[in-house]
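Pasted below: coords-v2.txt, compact mmCIF, C-alpha atoms and all ligand atoms.
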# COMPACT_ATOMS: atom_id res chain seq x y z
CA MET A 1 16.06 8.88 -14.75
CA ASP A 2 12.82 7.90 -16.43
CA LYS A 3 9.96 10.41 -16.26
CA GLN A 4 6.38 9.24 -16.78
CA GLN A 5 3.13 11.13 -16.49
CA TYR A 6 0.05 9.54 -15.02
CA LYS A 7 -3.23 11.22 -15.93
CA PHE A 8 -6.22 11.22 -13.63
CA SER A 9 -9.49 13.13 -14.06
CA ASP A 10 -8.31 16.16 -12.11
CA LYS A 11 -4.55 15.78 -12.05
CA ILE A 12 -1.44 14.78 -13.91
CA VAL A 13 1.06 13.14 -11.59
CA ASP A 14 4.71 13.30 -12.67
CA CYS A 15 6.59 10.16 -11.77
CA TYR A 16 10.39 10.17 -11.69
CA PHE A 17 11.61 6.56 -11.68
CA ASP A 18 15.23 5.76 -10.94
CA ALA A 19 15.91 9.30 -9.75
CA ASP A 20 18.38 10.62 -7.24
CA PHE A 21 17.04 12.15 -4.05
CA THR A 22 18.98 15.37 -4.74
CA PHE A 23 16.70 15.90 -7.77
CA LEU A 24 14.06 16.99 -5.24
CA GLU A 25 15.82 20.37 -5.10
CA GLN A 26 14.93 20.90 -8.75
CA LEU A 27 11.28 20.12 -8.17
CA VAL A 28 10.64 22.19 -5.04
CA SER A 29 12.41 24.95 -3.12
CA LYS A 30 13.77 24.22 0.33
CA GLU A 31 12.15 27.46 1.49
CA ASN A 32 8.57 26.40 0.71
CA THR A 33 8.86 22.71 1.50
CA VAL A 34 8.19 20.73 4.64
CA ILE A 35 9.37 17.13 4.67
CA ILE A 36 7.34 14.72 6.77
CA THR A 37 9.00 11.41 7.53
CA ASP A 38 9.24 8.94 10.39
CA ASP A 39 11.86 8.73 13.12
CA ASN A 40 13.55 5.64 11.61
CA ILE A 41 14.12 7.32 8.25
CA ALA A 42 15.00 10.68 9.83
CA SER A 43 17.82 9.08 11.80
CA LEU A 44 19.08 6.94 8.90
CA TYR A 45 19.10 9.84 6.43
CA THR A 46 20.11 12.89 8.49
CA GLU A 47 22.67 13.84 5.84
CA ARG A 48 20.16 13.75 2.97
CA PHE A 49 17.72 15.95 4.85
CA LYS A 50 20.24 18.62 5.82
CA GLY A 51 18.94 22.11 5.02
CA TRP A 52 15.30 20.93 4.67
CA LYS A 53 12.54 21.60 7.21
CA VAL A 54 11.68 18.18 8.61
CA ILE A 55 8.87 16.90 10.79
CA ALA A 56 9.56 13.35 12.01
CA ILE A 57 6.70 11.35 13.47
CA LYS A 58 6.93 8.05 15.33
CA HIS A 59 7.10 5.08 12.98
CA GLY A 60 4.57 2.27 12.78
CA GLU A 61 0.96 1.55 11.95
CA LYS A 62 -0.14 2.24 15.50
CA HIS A 63 0.64 5.92 14.91
CA LYS A 64 -1.47 6.07 11.74
CA GLN A 65 -4.18 7.77 13.77
CA GLN A 66 -5.89 11.17 13.92
CA SER A 67 -3.83 12.12 17.01
CA THR A 68 -0.68 12.01 14.85
CA VAL A 69 -2.36 14.19 12.23
CA ASP A 70 -3.22 16.73 14.97
CA HIS A 71 0.37 16.66 16.16
CA VAL A 72 1.67 17.21 12.60
CA ILE A 73 -0.75 20.12 12.15
CA ASP A 74 0.56 21.75 15.36
CA GLN A 75 4.06 21.53 13.93
CA LEU A 76 2.98 22.87 10.53
CA ILE A 77 1.50 25.89 12.35
CA GLU A 78 4.74 26.33 14.30
CA ILE A 79 6.75 26.26 11.06
CA LYS A 80 4.21 28.76 9.65
CA ALA A 81 3.34 26.51 6.75
CA ASP A 82 0.84 28.28 4.49
CA ARG A 83 -0.98 27.66 1.22
CA GLU A 84 2.26 28.10 -0.71
CA THR A 85 3.86 25.27 1.23
CA ILE A 86 4.36 21.89 -0.39
CA ILE A 87 4.56 18.90 1.92
CA VAL A 88 6.80 16.04 0.83
CA GLY A 89 6.15 12.70 2.51
CA ILE A 90 9.25 10.52 2.62
CA GLY A 91 8.71 7.01 3.90
CA GLY A 92 6.54 3.94 3.71
CA GLY A 93 2.78 3.66 3.32
CA VAL A 94 2.11 4.96 6.81
CA ILE A 95 3.83 8.23 5.89
CA THR A 96 2.25 8.56 2.44
CA ASP A 97 -1.23 7.89 3.92
CA ILE A 98 -0.77 10.41 6.74
CA VAL A 99 0.82 13.05 4.52
CA GLY A 100 -1.76 12.80 1.74
CA TYR A 101 -4.55 13.13 4.28
CA THR A 102 -2.98 15.91 6.37
CA ALA A 103 -2.09 17.95 3.28
CA SER A 104 -5.64 17.50 1.95
CA VAL A 105 -7.19 19.04 5.04
CA TYR A 106 -4.56 21.55 6.23
CA MET A 107 -5.84 25.00 5.18
CA ARG A 108 -8.44 23.08 3.11
CA GLY A 109 -5.65 21.58 1.07
CA VAL A 110 -2.01 22.29 0.30
CA LYS A 111 0.14 20.64 -2.34
CA PHE A 112 1.99 17.45 -1.51
CA ALA A 113 4.34 14.92 -3.09
CA PHE A 114 5.88 11.59 -2.15
CA VAL A 115 9.29 9.98 -2.04
CA PRO A 116 8.24 6.41 -1.19
CA THR A 117 10.98 4.42 0.55
CA THR A 118 9.46 0.94 0.93
CA ILE A 119 8.57 -1.45 -1.89
CA LEU A 120 5.00 -1.42 -0.64
CA ALA A 121 4.71 2.36 -0.78
CA MET A 122 6.38 2.47 -4.21
CA VAL A 123 4.11 -0.06 -5.90
CA ASP A 124 0.92 0.68 -4.03
CA ALA A 125 0.39 3.22 -1.24
CA ALA A 126 1.90 6.21 -3.08
CA VAL A 127 -0.12 5.55 -6.25
CA GLY A 128 -3.82 6.16 -6.74
CA GLY A 129 -4.67 9.08 -4.48
CA LYS A 130 -6.23 7.25 -1.55
CA ASN A 131 -4.96 8.35 1.82
CA GLY A 132 -6.17 8.42 5.38
CA VAL A 133 -5.73 7.09 8.88
CA ASP A 134 -7.07 4.31 11.07
CA VAL A 135 -9.56 4.89 13.87
CA GLY A 136 -8.57 2.49 16.63
CA VAL A 137 -8.56 -0.93 14.98
CA TYR A 138 -10.62 0.22 12.00
CA LYS A 139 -8.25 0.52 9.05
CA ASN A 140 -8.34 3.63 6.86
CA LEU A 141 -11.75 4.60 8.21
CA ILE A 142 -11.23 8.29 7.54
CA GLY A 143 -9.43 9.86 4.64
CA THR A 144 -9.55 11.68 1.35
CA ILE A 145 -8.88 10.98 -2.29
CA LYS A 146 -6.30 13.38 -3.68
CA HIS A 147 -3.28 12.80 -5.86
CA PRO A 148 0.22 14.05 -5.13
CA GLU A 149 1.98 16.52 -7.44
CA PHE A 150 4.80 14.10 -8.13
CA LEU A 151 6.44 10.85 -7.08
CA LEU A 152 10.20 10.52 -6.84
CA TYR A 153 11.67 7.00 -6.77
CA ASP A 154 15.21 6.76 -5.45
CA TYR A 155 16.12 3.07 -5.16
CA SER A 156 19.13 3.80 -2.97
CA PHE A 157 16.68 3.85 -0.04
CA PHE A 158 16.62 0.05 -0.41
CA LYS A 159 20.11 -0.14 1.09
CA THR A 160 18.60 0.28 4.55
CA LEU A 161 15.26 -1.44 3.95
CA PRO A 162 14.87 -4.32 6.45
CA GLU A 163 14.30 -7.80 5.00
CA GLU A 164 10.82 -7.89 6.52
CA GLU A 165 9.81 -4.80 4.55
CA TRP A 166 11.00 -6.36 1.28
CA THR A 167 8.73 -9.29 2.05
CA ASN A 168 5.77 -7.06 2.89
CA GLY A 169 6.10 -5.19 -0.37
CA PHE A 170 6.06 -8.41 -2.35
CA ALA A 171 2.62 -9.20 -0.90
CA GLU A 172 1.14 -6.32 -2.96
CA ILE A 173 3.21 -7.33 -5.99
CA ILE A 174 1.84 -10.88 -5.77
CA LYS A 175 -1.63 -9.34 -5.38
CA HIS A 176 -1.18 -7.46 -8.67
CA ALA A 177 -0.01 -10.69 -10.32
CA CYS A 178 -3.02 -12.64 -9.00
CA ILE A 179 -5.62 -10.14 -10.14
CA LYS A 180 -4.11 -8.78 -13.36
CA ASP A 181 -0.88 -10.29 -14.60
CA ALA A 182 -0.48 -14.06 -14.96
CA GLU A 183 2.80 -13.54 -16.81
CA MET A 184 4.26 -11.64 -13.85
CA PHE A 185 3.01 -14.44 -11.58
CA THR A 186 5.11 -16.95 -13.54
CA MET A 187 8.09 -14.60 -13.51
CA LEU A 188 7.82 -14.34 -9.71
CA GLU A 189 7.62 -18.13 -9.48
CA ASP A 190 10.84 -18.37 -11.46
CA ASN A 191 12.74 -16.09 -9.08
CA LEU A 192 13.57 -15.67 -5.42
CA LEU A 193 13.44 -12.47 -3.39
CA ILE A 194 17.22 -12.43 -3.33
CA ASP A 195 17.31 -12.27 -7.15
CA PHE A 196 15.53 -8.91 -7.00
CA GLN A 197 17.55 -7.68 -4.02
CA HIS A 198 20.79 -8.22 -5.88
CA ALA A 199 19.77 -6.93 -9.28
CA PRO A 200 19.00 -3.19 -9.33
CA GLU A 201 17.61 -3.30 -12.88
CA LYS A 202 15.36 -6.21 -12.10
CA ILE A 203 13.77 -4.57 -9.07
CA ALA A 204 13.48 -1.24 -10.94
CA ASP A 205 11.59 -2.99 -13.79
CA LEU A 206 9.36 -4.83 -11.34
CA ILE A 207 8.47 -1.63 -9.49
CA LYS A 208 7.61 0.23 -12.68
CA ARG A 209 5.53 -2.70 -13.96
CA ASN A 210 3.54 -2.69 -10.71
CA VAL A 211 3.06 1.07 -10.65
CA GLU A 212 1.65 0.79 -14.16
CA ILE A 213 -0.72 -2.03 -13.20
CA LYS A 214 -2.06 0.03 -10.32
CA TYR A 215 -2.18 3.23 -12.37
CA LYS A 216 -4.18 1.59 -15.18
CA VAL A 217 -6.73 0.09 -12.80
CA VAL A 218 -7.15 3.38 -10.92
CA ALA A 219 -7.31 5.51 -14.07
CA ASN A 220 -10.05 3.25 -15.49
CA ASP A 221 -12.15 3.53 -12.36
CA GLU A 222 -11.07 6.40 -10.14
CA PHE A 223 -14.16 6.37 -7.98
CA GLU A 224 -14.19 2.64 -7.35
CA THR A 225 -17.44 1.70 -9.00
CA GLY A 226 -16.00 -1.41 -10.62
CA GLU A 227 -12.50 -2.49 -11.59
CA ARG A 228 -10.69 -0.62 -8.79
CA LYS A 229 -12.44 -2.87 -6.28
CA LEU A 230 -10.22 -5.71 -7.54
CA LEU A 231 -7.25 -4.05 -5.80
CA ASN A 232 -8.93 -4.99 -2.54
CA PHE A 233 -8.18 -8.67 -3.17
CA GLY A 234 -7.27 -10.14 0.23
CA HIS A 235 -7.92 -6.83 1.98
CA THR A 236 -11.36 -7.39 3.53
CA LEU A 237 -10.05 -10.07 5.85
CA GLY A 238 -6.52 -8.58 5.73
CA HIS A 239 -7.62 -5.24 7.13
CA ALA A 240 -9.73 -6.90 9.80
CA ILE A 241 -6.82 -8.96 11.12
CA GLU A 242 -4.04 -6.39 10.62
CA ASN A 243 -4.68 -4.36 13.75
CA ILE A 244 -6.30 -7.11 15.84
CA TYR A 245 -3.27 -9.39 15.45
CA GLN A 246 -0.80 -6.49 15.06
CA LEU A 247 0.48 -7.90 11.78
CA PRO A 248 2.40 -5.96 9.15
CA HIS A 249 0.10 -4.97 6.27
CA GLY A 250 1.84 -7.34 3.84
CA SER A 251 1.46 -10.34 6.16
CA ALA A 252 -2.17 -9.54 6.91
CA ILE A 253 -3.19 -9.32 3.26
CA SER A 254 -1.20 -12.40 2.38
CA ILE A 255 -3.33 -14.39 4.86
CA GLY A 256 -6.37 -12.57 3.46
CA MET A 257 -5.51 -13.50 -0.13
CA VAL A 258 -5.03 -17.16 0.76
CA ALA A 259 -8.44 -17.16 2.47
CA ALA A 260 -9.92 -15.48 -0.62
CA CYS A 261 -8.35 -18.18 -2.83
CA ARG A 262 -9.91 -20.88 -0.66
CA ILE A 263 -13.28 -19.14 -0.95
CA SER A 264 -12.72 -18.81 -4.72
CA GLU A 265 -12.26 -22.55 -4.86
CA GLU A 266 -15.59 -23.02 -3.02
CA LEU A 267 -17.63 -20.51 -4.98
CA ASN A 268 -15.86 -20.14 -8.33
CA ASP A 269 -14.12 -22.42 -10.77
CA PHE A 270 -10.76 -21.58 -9.24
CA SER A 271 -8.86 -24.85 -9.25
CA LEU A 272 -7.17 -26.54 -6.35
CA ALA A 273 -3.93 -26.58 -8.35
CA GLU A 274 -4.05 -22.81 -8.87
CA ARG A 275 -4.86 -22.25 -5.21
CA ASP A 276 -1.77 -24.24 -4.27
CA LYS A 277 0.33 -22.26 -6.73
CA VAL A 278 -0.72 -19.02 -5.00
CA ILE A 279 0.01 -20.47 -1.56
CA ASP A 280 3.43 -21.70 -2.73
CA LEU A 281 4.29 -18.28 -4.14
CA PHE A 282 3.52 -16.55 -0.83
CA LYS A 283 5.63 -19.12 0.98
CA LYS A 284 8.44 -18.63 -1.51
CA TYR A 285 8.53 -14.93 -0.64
CA ASN A 286 8.40 -15.71 3.10
CA LEU A 287 4.85 -14.49 3.57
CA PRO A 288 2.46 -16.15 6.03
CA VAL A 289 -0.50 -18.13 4.67
CA ASN A 290 -2.35 -18.82 7.92
CA LEU A 291 -3.36 -16.81 10.97
CA PRO A 292 -0.58 -16.78 13.59
CA SER A 293 -2.52 -18.80 16.15
CA ARG A 294 -5.34 -21.28 16.05
CA GLU A 295 -6.74 -19.42 19.06
CA THR A 296 -8.35 -17.09 16.60
CA GLU A 297 -10.24 -14.09 17.72
CA LEU A 298 -12.80 -14.63 15.00
CA ALA A 299 -15.56 -12.83 16.86
CA ALA A 300 -13.44 -9.68 17.04
CA VAL A 301 -12.36 -10.11 13.42
CA TRP A 302 -15.99 -10.32 12.36
CA VAL A 303 -16.92 -7.10 14.22
CA VAL A 304 -14.15 -5.20 12.44
CA LEU A 305 -15.01 -6.79 9.12
CA LEU A 306 -18.57 -5.51 9.32
CA MET A 307 -17.20 -1.94 9.14
CA ASP A 308 -15.48 -2.70 5.82
CA LYS A 309 -16.15 -0.09 3.17
CA LYS A 310 -17.04 -2.82 0.67
CA LYS A 311 -20.07 -3.92 2.68
CA SER A 312 -23.34 -2.95 1.10
CA GLY A 313 -26.44 -3.77 3.12
CA ASP A 314 -26.39 -7.47 3.92
CA THR A 315 -23.73 -8.36 1.38
CA MET A 316 -20.00 -7.89 1.06
CA ASN A 317 -18.49 -7.13 -2.32
CA PHE A 318 -15.78 -9.74 -2.05
CA ILE A 319 -12.91 -10.20 -4.50
CA LEU A 320 -12.40 -13.71 -5.82
CA LEU A 321 -10.20 -15.24 -8.49
CA ASN A 322 -11.50 -17.07 -11.55
CA LYS A 323 -7.96 -17.98 -12.42
CA ILE A 324 -4.53 -16.53 -11.77
CA GLY A 325 -4.49 -13.11 -13.42
CA ALA A 326 -8.29 -12.77 -13.51
CA ALA A 327 -10.26 -11.49 -10.53
CA ILE A 328 -13.95 -10.69 -10.11
CA VAL A 329 -16.14 -8.85 -7.62
CA LYS A 330 -18.71 -11.17 -6.08
CA PRO A 331 -21.40 -9.96 -3.69
CA ILE A 332 -21.55 -12.56 -0.91
CA PRO A 333 -24.35 -12.49 1.71
CA LEU A 334 -22.83 -11.81 5.15
CA ASP A 335 -24.21 -15.03 6.68
CA GLN A 336 -22.62 -17.12 3.97
CA LEU A 337 -19.35 -15.19 4.26
CA LYS A 338 -19.22 -15.80 8.00
CA ASN A 339 -19.63 -19.55 7.44
CA LEU A 340 -16.98 -19.52 4.73
CA PHE A 341 -14.52 -17.75 7.02
CA ASN A 342 -15.12 -20.28 9.77
CA GLN A 343 -14.50 -22.98 7.21
CA VAL A 344 -11.30 -21.58 5.69
CA LEU A 345 -9.72 -20.04 8.78
CA LEU A 346 -10.27 -22.69 11.42
N1 LIG B 401 -3.29 4.46 0.28
C1 LIG B 401 -3.17 3.31 -0.31
O1 LIG B 401 -3.62 3.13 -1.45
C2 LIG B 401 -2.43 2.19 0.38
C3 LIG B 401 -2.12 1.03 -0.32
C4 LIG B 401 -1.40 0.03 0.32
C5 LIG B 401 -1.02 0.19 1.64
N2 LIG B 401 -1.36 1.33 2.30
C6 LIG B 401 -0.95 1.53 3.71
O2 LIG B 401 0.47 1.46 3.78
C7 LIG B 401 0.84 1.08 5.12
C8 LIG B 401 1.96 0.09 5.07
O3 LIG B 401 3.06 0.67 4.43
P1 LIG B 401 4.55 0.15 4.67
O4 LIG B 401 4.55 -1.32 4.62
O5 LIG B 401 5.42 0.90 3.76
O6 LIG B 401 4.79 0.48 6.21
P2 LIG B 401 5.55 1.63 7.02
O7 LIG B 401 5.32 2.97 6.45
O8 LIG B 401 5.15 1.41 8.44
O9 LIG B 401 7.08 1.26 6.84
C9 LIG B 401 7.56 0.06 7.38
C10 LIG B 401 8.78 0.27 8.27
O10 LIG B 401 9.91 0.47 7.45
C11 LIG B 401 10.65 1.61 7.85
N3 LIG B 401 11.26 2.14 6.63
C12 LIG B 401 10.64 2.68 5.57
N4 LIG B 401 11.50 2.90 4.57
C13 LIG B 401 12.71 2.51 5.02
C14 LIG B 401 14.01 2.47 4.44
N5 LIG B 401 14.23 2.83 3.17
N6 LIG B 401 15.03 2.02 5.20
C15 LIG B 401 14.81 1.60 6.47
N7 LIG B 401 13.61 1.58 7.06
C16 LIG B 401 12.58 2.03 6.34
C17 LIG B 401 9.62 2.51 8.51
O11 LIG B 401 10.23 3.37 9.43
C18 LIG B 401 8.71 1.49 9.19
O12 LIG B 401 9.22 1.12 10.44
C19 LIG B 401 -0.42 0.57 5.78
O13 LIG B 401 -0.89 1.52 6.70
C20 LIG B 401 -1.40 0.43 4.63
O14 LIG B 401 -2.73 0.60 5.04
C21 LIG B 401 -2.05 2.33 1.69
ZN ZN B 402 -2.63 -3.22 0.67

Since I need it in another form, could you write the structure as structure tokens?
Amino acid sequence: MDKQQYKFSDKIVDCYFDADFTFLEQLVSKENTVIITDDNIASLYTERFKGWKVIAIKHGEKHKQQSTVDHVIDQLIEIKADRETIIVGIGGGVITDIVGYTASVYMRGVKFAFVPTTILAMVDAAVGGKNGVDVGVYKNLIGTIKHPEFLLYDYSFFKTLPEEEWTNGFAEIIKHACIKDAEMFTMLEDNLLIDFQHAPEKIADLIKRNVEIKYKVVANDEFETGERKLLNFGHTLGHAIENIYQLPHGSAISIGMVAACRISEELNDFSLAERDKVIDLFKKYNLPVNLPSRETELAAVWVVLLMDKKKSGDTMNFILLNKIGAAIVKPIPLDQLKNLFNQVLL
């Protein structure tokens, strides 16, 4: 096991990489803990959860809504969870988002921790303190910023992780490479997904490297006044299409990042060759680079996009690439952005 501490302005988060799930018993008592997971994980890991109090919600993004939070709160009341209770979210990003948010508001805030079980949750959703739920099609419209007490990474959860979820997780890893780490970009180019799936040390190193990229960006700019915005690369369009087209998060942002690369080529010095390298890397990791159908619902996409949290007056703070490994925030007037989307998406 490899313990690291990540320091934020109001919290130190202990991170246990390469740990065993049973180590949880040394961090929290079964008595005071409520595990929140989803029905897929609950049924796959019944043995592991024996003796723990477990609330299992329905899996999937469509349940990342306030109604699920209300349902969880009813169950917390039934269990008699109080301010001494610690809630441990075990699952993908949907679980970590719901748990972080629910724990932040239940009794005005109880402690919580995460055992992320997807690549995406390990490298991204569990790190950085943002959590929340969607409101209808509007992604992450409500939420809080609060860090967990600890993160426990047990890579044995990968044994049951569906192929599609490996792919989704790599979308955020490629994002980190595009905005911050050209060397990792090349390393990803030199490998295939299967190379990571079959080499426990390789995937463990990659996960830690990505947690550290995200941690550094967040720690430098916790309140998203500058650098943290770069983590939204591909997410303005990605979030708008995710729920309209019912795409997995990884697929949606992959399409969003490709669109952002095409816009970078129009507005920045981002070269055609680099744009193609990014597109090829997504393809290599089986991620989509175009919207699923040409019958695009661009009008609907635009309505959702206008609710994006990065909009400021008549401009959108859009993330572009200067080159691979170097991103910038560029305010783009909404009219111009709409034209650019029509150009790159149709
Ligand atoms: N808060 C943040 O900073 C942040 C960052 C990135 C993404 N997110 C959010 O994360 C969500 C996506 O997360 P996700 O891709 O992990 O999706 P997810 O939580 O829906 O998990 C994907 C699927 O995999 C299953 N699963 C999870 N772990 C498994 C395992 N070990 N074995 C078998 N099945 C398993 C789940 O039951 C689910 O069906 C989105 O809602 C996104 O908005 C949040
Ligand atoms: Zn994301």

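Between A:Ala300 and the residues A:Leu346, A:Leu267, A:Ala240, A:Ile173, the shortest atom-to-atom distance, using all atoms listed in the file, involves A:Ala240.
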
Practice task
Have a look at atom C9 of ligand LIG 401 (chain B) and atom CA of A:Gly250 and let me know their distance in Å, one decimal.
Solution key: 10.0 Å

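We find atom CA of A:Ile73 and atom CA of A:Tyr106 to be spaced 7.2 Å apart.
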
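Residues within 10 Å of A:Asp314, counting only C-alpha atoms and excluding same-chain residues fewer than 2 positions away, are Leu306, Lys311, Ser312, Met316, Pro331, Ile332, Pro333, Leu334 and Asp335 of chain A.
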
Given 10 Å and all atoms listed in the file, residues near ligand ZN 402 (chain B) as a PDB file with C-alpha atoms, in the frame of the given file:
ATOM      1  CA  GLY A  93       2.780   3.660   3.320  1.00  0.00           C
ATOM      2  CA  LEU A 120       5.000  -1.420  -0.640  1.00  0.00           C
ATOM      3  CA  ALA A 121       4.710   2.360  -0.780  1.00  0.00           C
ATOM      4  CA  VAL A 123       4.110  -0.060  -5.900  1.00  0.00           C
ATOM      5  CA  ASP A 124       0.920   0.680  -4.030  1.00  0.00           C
ATOM      6  CA  ALA A 125       0.390   3.220  -1.240  1.00  0.00           C
ATOM      7  CA  ASN A 168       5.770  -7.060   2.890  1.00  0.00           C
ATOM      8  CA  GLY A 169       6.100  -5.190  -0.370  1.00  0.00           C
ATOM      9  CA  ALA A 171       2.620  -9.200  -0.900  1.00  0.00           C
ATOM     10  CA  GLU A 172       1.140  -6.320  -2.960  1.00  0.00           C
ATOM     11  CA  ILE A 173       3.210  -7.330  -5.990  1.00  0.00           C
ATOM     12  CA  LYS A 175      -1.630  -9.340  -5.380  1.00  0.00           C
ATOM     13  CA  LEU A 231      -7.250  -4.050  -5.800  1.00  0.00           C
ATOM     14  CA  ASN A 232      -8.930  -4.990  -2.540  1.00  0.00           C
ATOM     15  CA  PHE A 233      -8.180  -8.670  -3.170  1.00  0.00           C
ATOM     16  CA  GLY A 234      -7.270 -10.140   0.230  1.00  0.00           C
ATOM     17  CA  HIS A 235      -7.920  -6.830   1.980  1.00  0.00           C
ATOM     18  CA  GLY A 238      -6.520  -8.580   5.730  1.00  0.00           C
ATOM     19  CA  HIS A 239      -7.620  -5.240   7.130  1.00  0.00           C
ATOM     20  CA  HIS A 249       0.100  -4.970   6.270  1.00  0.00           C
ATOM     21  CA  GLY A 250       1.840  -7.340   3.840  1.00  0.00           C
ATOM     22  CA  SER A 251       1.460 -10.340   6.160  1.00  0.00           C
ATOM     23  CA  ALA A 252      -2.170  -9.540   6.910  1.00  0.00           C
ATOM     24  CA  ILE A 253      -3.190  -9.320   3.260  1.00  0.00           C
ATOM     25  CA  SER A 254      -1.200 -12.400   2.380  1.00  0.00           C
TER      26      SER A 254
END

Taking all atoms listed in the file into account, which residues have an atom no farther than 8 Å from ligand LIG 401 (chain B)? I'd like them as a short mmCIF file (atom, residue, chain, number, x, y, z; two decimals) with C-alpha atoms, in the coordinates of the input.
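File produced: pocket14.cif:
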data_model
loop_
_atom_site.label_atom_id
_atom_site.label_comp_id
_atom_site.auth_asym_id
_atom_site.auth_seq_id
_atom_site.Cartn_x
_atom_site.Cartn_y
_atom_site.Cartn_z
CA ASP A 38 9.24 8.94 10.39
CA ASP A 39 11.86 8.73 13.12
CA ASN A 40 13.55 5.64 11.61
CA ILE A 41 14.12 7.32 8.25
CA LEU A 44 19.08 6.94 8.90
CA HIS A 59 7.10 5.08 12.98
CA GLY A 60 4.57 2.27 12.78
CA GLU A 61 0.96 1.55 11.95
CA LYS A 64 -1.47 6.07 11.74
CA GLY A 91 8.71 7.01 3.90
CA GLY A 92 6.54 3.94 3.71
CA GLY A 93 2.78 3.66 3.32
CA VAL A 94 2.11 4.96 6.81
CA ILE A 95 3.83 8.23 5.89
CA THR A 96 2.25 8.56 2.44
CA ASP A 97 -1.23 7.89 3.92
CA PRO A 116 8.24 6.41 -1.19
CA THR A 117 10.98 4.42 0.55
CA THR A 118 9.46 0.94 0.93
CA ILE A 119 8.57 -1.45 -1.89
CA LEU A 120 5.00 -1.42 -0.64
CA ALA A 121 4.71 2.36 -0.78
CA ASP A 124 0.92 0.68 -4.03
CA ALA A 125 0.39 3.22 -1.24
CA ALA A 126 1.90 6.21 -3.08
CA VAL A 127 -0.12 5.55 -6.25
CA GLY A 128 -3.82 6.16 -6.74
CA GLY A 129 -4.67 9.08 -4.48
CA LYS A 130 -6.23 7.25 -1.55
CA ASN A 131 -4.96 8.35 1.82
CA GLY A 132 -6.17 8.42 5.38
CA VAL A 133 -5.73 7.09 8.88
CA LYS A 139 -8.25 0.52 9.05
CA ASN A 140 -8.34 3.63 6.86
CA SER A 156 19.13 3.80 -2.97
CA PHE A 157 16.68 3.85 -0.04
CA PHE A 158 16.62 0.05 -0.41
CA LYS A 159 20.11 -0.14 1.09
CA THR A 160 18.60 0.28 4.55
CA LEU A 161 15.26 -1.44 3.95
CA PRO A 162 14.87 -4.32 6.45
CA GLU A 165 9.81 -4.80 4.55
CA ASN A 168 5.77 -7.06 2.89
CA GLY A 169 6.10 -5.19 -0.37
CA GLU A 172 1.14 -6.32 -2.96
CA HIS A 239 -7.62 -5.24 7.13
CA PRO A 248 2.40 -5.96 9.15
CA HIS A 249 0.10 -4.97 6.27
CA GLY A 250 1.84 -7.34 3.84
#

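One finds atom CA of A:Val218 at 10.3 Å from atom CA of A:Tyr6.
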
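Distance annotation: of A:Ile324, A:Phe8, A:Val105, A:Leu247, the residue with the minimal separation from A:Phe270 is A:Ile324; atom set is all atoms listed in the file.
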
Got a sec: who's within 12 Å of A:Val110, counting only C-alpha atoms, leaving out chain neighbours fewer than 4 positions off, as a PDB file with C-alpha atoms, in the frame of the given file?
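selection-v9.pdb, freshly written:
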ATOM      1  CA  ASN A  32       8.570  26.400   0.710  1.00  0.00           C
ATOM      2  CA  THR A  33       8.860  22.710   1.500  1.00  0.00           C
ATOM      3  CA  VAL A  34       8.190  20.730   4.640  1.00  0.00           C
ATOM      4  CA  LEU A  76       2.980  22.870  10.530  1.00  0.00           C
ATOM      5  CA  ALA A  81       3.340  26.510   6.750  1.00  0.00           C
ATOM      6  CA  ASP A  82       0.840  28.280   4.490  1.00  0.00           C
ATOM      7  CA  ARG A  83      -0.980  27.660   1.220  1.00  0.00           C
ATOM      8  CA  GLU A  84       2.260  28.100  -0.710  1.00  0.00           C
ATOM      9  CA  THR A  85       3.860  25.270   1.230  1.00  0.00           C
ATOM     10  CA  ILE A  86       4.360  21.890  -0.390  1.00  0.00           C
ATOM     11  CA  ILE A  87       4.560  18.900   1.920  1.00  0.00           C
ATOM     12  CA  VAL A  88       6.800  16.040   0.830  1.00  0.00           C
ATOM     13  CA  VAL A  99       0.820  13.050   4.520  1.00  0.00           C
ATOM     14  CA  GLY A 100      -1.760  12.800   1.740  1.00  0.00           C
ATOM     15  CA  TYR A 101      -4.550  13.130   4.280  1.00  0.00           C
ATOM     16  CA  THR A 102      -2.980  15.910   6.370  1.00  0.00           C
ATOM     17  CA  ALA A 103      -2.090  17.950   3.280  1.00  0.00           C
ATOM     18  CA  SER A 104      -5.640  17.500   1.950  1.00  0.00           C
ATOM     19  CA  VAL A 105      -7.190  19.040   5.040  1.00  0.00           C
ATOM     20  CA  TYR A 106      -4.560  21.550   6.230  1.00  0.00           C
ATOM     21  CA  LYS A 146      -6.300  13.380  -3.680  1.00  0.00           C
ATOM     22  CA  HIS A 147      -3.280  12.800  -5.860  1.00  0.00           C
ATOM     23  CA  PRO A 148       0.220  14.050  -5.130  1.00  0.00           C
ATOM     24  CA  GLU A 149       1.980  16.520  -7.440  1.00  0.00           C
TER      25      GLU A 149
END

Exercise for the section: Taking (7.8, -17.6, -8.0) in the file's own coordinates, collect the residues within 9 Å, counting all atoms listed in the file, and hand them back as a PyMOL selection string. Expected result: chain A and resi 185-193+277+280-282+284-285

Mind giving me the axis-aligned box for stretch 285-294 of chain A with 3 Å on every side, centre plus edges in Å to one decimal, as JSON?
{"center_x": 1.6, "center_y": -17.9, "center_z": 7.8, "size_x": 19.9, "size_y": 12.8, "size_z": 22.8}
